[in-house]
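Chemist: Handing you a structure now.
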Amino acid sequence: MISNAVLETLEGYVPRENIRLGEPMSRHTTFRIGGEADCFVEIENMEQLIQVKRYLQMIEMPWLALGNGSNLLVSDRGYEGVVLHVGPRMQQIQVQGNRMVVQAGALMAQVAKTACEQGLTGMEFASGIPGTMGGGVIMNAGAYDGEISQVVTQVKVVDRDGNVLELDNATMEFGYRTSAIKHQPFTVVEVTLQLAPGEREAIQSRMEELAAKRREKQPLEYPSAGSTFKRPEGYYAGELIMKSGLRGFQIGGARVSDKHCGFIINTGKATCEDVRDLIAHVQERVKACFGVELETEVIYIE
Ligand SMILES: Cc1cc2nc3c(=O)[nH]c(=O)nc-3n(C[C@H](O)[C@H](O)[C@H](O)COP(=O)(O)OP(=O)(O)OC[C@H]3O[C@@H](n4cnc5c(N)ncnc54)[C@H](O)[C@@H]3O)c2cc1C
């Protein structure tokens with residue numbers, strides 16, 4: 001619960017229309033799952049973020065940075081704290097020669113499209129990943145032999161106390177679907193990318209080719225959070241799940257996709273509990289059949 005005093009203070013930092021109480025998180029996740037957040041704040045710029053984070057730290061109020069919600073599974077009970085949405089109001093993209101300076105709320109697809117229009121190559125791999133640059137950097141998002149770590153040079157973050165830090169690529173310690181700041185109280189506000197000059201038509205056709213592969217292989221017609229599990233060393237999660245006899249296996253409204261067993265989809269009315277139960281069942285079966293422990297890529301928020 002957010003008290004009137006907290007709400008009034010937040011209104012001093014962020015316009016009232018950017019603050020919502022009891023906001024359903026199902027509206028902000030690609031899974032279309034999640035109960036209400038006590039408070040949901042649309043951040044417009046770094047100054048607002050600094051002030052809000054300083055205040056939340058002072059009153060010891062939990063907060064969560066949200067991008068496009070495409071890798072999140074939020075509890076049916078919602079989120080007790082303040083969701084800081086770095087999204088549609090922070091999407092500026094500047095092109096400076098072969099570099100791009102991008103606000104963290106910009107969608108990776110928008111950045112890839114702009115890069116293409118400018119004849120810059122390097123972001124094609126990310127054109128079909130439905131997340132923001134902030135979420136992409138945290139997760140080191142990647143696909144088709146590309147990943148964010150290959151193009152990022154600088155990441156500007158606001159820490160828990162409202163200090164601004166500039167982190168270079170080495171400091172980010174990017175790994176498979178992870179980075180040094182994944183579990184740190186940092187919020188990404190800006191990302192600098194180093195791209196290379198390329199042939200516009202070739203860039204466009206590579207993006208179209210990757211989009212076609214996604215449409216063919218992935219259940220894009222259903223809400224999901226993409227690949228539910230990380231790729232275990234030496235295997236493909238989807239193949240292990242299929243060979244465990246779980247294609248189309250369903251608990252409540254959550255189902256192992258028939259098209260791609262690595263995706264758990266929401267068939268319409270799935271709850272977070274349904275998805276969690278299904279994840280646990282899949283993990284158990286795959287362990288029993290192959291001795292492989294599947295680790296989730298999707299992040300659970302409660
Ligand atoms: C259909 C589909 C296909 C997908 N395909 C791929 C794929 O090919 N490759 C891949 O890697 N992923 C894929 N994903 C997963 C997802 O899109 C990526 O993980 C993406 O990087 C998440 O970005 P987001 O903005 O949605 O982050 P969110 O889901 O909002 O958040 C993810 C994590 O990042 C944190 N975060 C978000 N924004 C910020 C910020 N500004 N500052 C600090 N922390 C922040 C959150 O707190 C959370 O911990 C797919 C998802 C779907 C639904």
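Chain labels follow the order of the structure tokens: the first chain is A, the next B, and so on; residue numbering restarts at 1 in every chain, and ligands are counted from 1 in their shown order.
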Would you list the residues that come within 6 Å of ligand 1? Count only C-alpha atoms and all ligand atoms and give the answer as number ranges by chain.

Modeler: A: 30, 64-72, 86, 104, 129-132, 134-136, 138-139, 141-143, 186-189, 220, 224-226

Chemist: If you run DSSP on this backbone, which residues of segment 138-239 of chain A come out as helix (DSSP H, G or I), and could you give them as an MDAnalysis selection string?

Modeler: chainID A and resid 138:139 148:150 169:172 200:217 237:239

Chemist: Generate the output file for the selected residues, C-alpha atoms, as a CSV table (one decimal), in the first residue's frame.

Modeler:
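out26.csv, written as the output of this step:
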chain,number,residue,atom,x,y,z
A,138,ILE,CA,20.6,-6.3,-18.4
A,139,MET,CA,19.9,-9.6,-20.1
A,148,ILE,CA,24.0,-7.0,-27.2
A,149,SER,CA,27.5,-7.3,-25.8
A,150,GLN,CA,28.9,-7.2,-29.3
A,169,ASN,CA,31.7,-2.9,-22.0
A,170,ALA,CA,34.3,-4.7,-19.9
A,171,THR,CA,32.8,-3.5,-16.6
A,172,MET,CA,29.4,-4.9,-17.8
A,200,ARG,CA,21.0,-0.7,-46.4
A,201,GLU,CA,19.4,-3.3,-48.6
A,202,ALA,CA,21.5,-6.1,-47.2
A,203,ILE,CA,20.7,-5.1,-43.6
A,204,GLN,CA,17.0,-4.9,-44.4
A,205,SER,CA,16.9,-8.3,-46.1
A,206,ARG,CA,18.8,-9.9,-43.2
A,207,MET,CA,16.2,-8.5,-40.8
A,208,GLU,CA,13.4,-9.8,-43.0
A,209,GLU,CA,15.1,-13.2,-43.1
A,210,LEU,CA,15.3,-13.4,-39.3
A,211,ALA,CA,11.7,-12.2,-38.9
A,212,ALA,CA,10.5,-15.0,-41.2
A,213,LYS,CA,12.5,-17.6,-39.2
A,214,ARG,CA,10.8,-16.4,-36.0
A,215,ARG,CA,7.4,-16.5,-37.5
A,216,GLU,CA,8.0,-20.0,-38.7
A,217,LYS,CA,9.6,-21.4,-35.5
A,237,ALA,CA,15.9,-26.9,-24.0
A,238,GLY,CA,13.0,-27.2,-26.5
A,239,GLU,CA,14.3,-30.5,-27.9

Chemist: At a cut-off of 9 Å, using only C-alpha atoms, what residues contact Ile279 of chain A? Leave out same-chain residues fewer than 3 positions from it and give the result as a compact mmCIF listing (two decimals) with C-alpha atoms, in the first residue's frame.

Modeler:
# COMPACT_ATOMS: atom_id res chain seq x y z
CA THR A 228 11.28 -20.02 -20.84
CA PHE A 229 14.57 -21.79 -20.14
CA ILE A 264 5.51 -21.78 -22.40
CA ASP A 274 -0.19 -22.20 -13.73
CA VAL A 275 3.07 -21.14 -15.40
CA ARG A 276 5.14 -21.82 -12.29
CA VAL A 282 8.96 -29.57 -17.10
CA GLN A 283 12.12 -29.26 -15.00
CA GLU A 284 11.29 -32.46 -13.11
CA THR A 296 14.74 -20.47 -16.18

Chemist: Taking only C-alpha atoms into account, name the residue in A:Gly234, A:Glu124, A:Arg247, A:Ile301 that is nearest to Val83 of chain A.

Modeler: A:Ile301

Chemist: Report the distance between atom CA of Met90 of chain A and atom CA of Leu56 of chain A in Å, rounded to one decimal place.

Modeler: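 Atom CA of Leu56 of chain A lies 20.6 Å from atom CA of Met90 of chain A.
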
Chemist: Atom CA of Ala196 of chain A to atom CA of Met46 of chain A: how many Å, to one decimal?

Modeler: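 Computed distance, atom CA of Ala196 of chain A to atom CA of Met46 of chain A, equals 28.4 Å.
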
Chemist: Could you write out, as a list of chain:residue names, all the residues of segment 147-225 of chain A that DSSP marks as strand (DSSP E)?

Modeler: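 Taking segment 147-225 of chain A and keeping strand (DSSP E) gives A:Glu147, A:Val152, A:Thr153, A:Gln154, A:Val155, A:Lys156, A:Val157, A:Val158, A:Val164, A:Leu165, A:Glu166, A:Leu167, A:Asp168, A:Thr187, A:Val188, A:Val189, A:Glu190, A:Val191, A:Thr192, A:Leu193, A:Gln194, A:Ala196, A:Pro197, A:Ser224, A:Ala225.
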
Chemist: Considering only C-alpha atoms, return as a short mmCIF file (atom, residue, chain, number, x, y, z; two decimals) with N, CA and C atoms, in the first residue's frame whatever protein or nucleic-acid residues lie within 10 Å of Met58 of chain A, sequence-local ones (same chain, fewer than 4 positions apart) excluded.

Modeler:
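Output below, filename out_33.cif:
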data_model
loop_
_atom_site.label_atom_id
_atom_site.label_comp_id
_atom_site.auth_asym_id
_atom_site.auth_seq_id
_atom_site.Cartn_x
_atom_site.Cartn_y
_atom_site.Cartn_z
N VAL A 52 13.31 10.14 -7.69
CA VAL A 52 12.43 9.08 -7.20
C VAL A 52 13.26 8.00 -6.49
N LYS A 53 14.39 7.60 -7.09
CA LYS A 53 15.19 6.54 -6.47
C LYS A 53 15.78 6.98 -5.13
N ARG A 54 16.23 8.24 -5.06
CA ARG A 54 16.77 8.75 -3.78
C ARG A 54 15.70 8.67 -2.71
N ARG A 160 21.31 3.03 -6.65
CA ARG A 160 20.27 3.05 -5.62
C ARG A 160 20.13 4.43 -4.95
N ASP A 161 21.28 5.13 -4.84
CA ASP A 161 21.26 6.42 -4.15
C ASP A 161 21.08 7.60 -5.10
#

Chemist: Expressed in Å to a single decimal, how great is the separation between atom CA of Gly12 of chain A and atom CA of Gln51 of chain A?

Modeler: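 About the pair atom CA of Gly12 of chain A and atom CA of Gln51 of chain A: they are 9.4 Å apart.
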
Chemist: Could you check which of A:Phe290, A:Tyr55, A:Tyr222, A:Phe249 is closest to Asn266 of chain A, using only C-alpha atoms?

Modeler: A:Tyr222
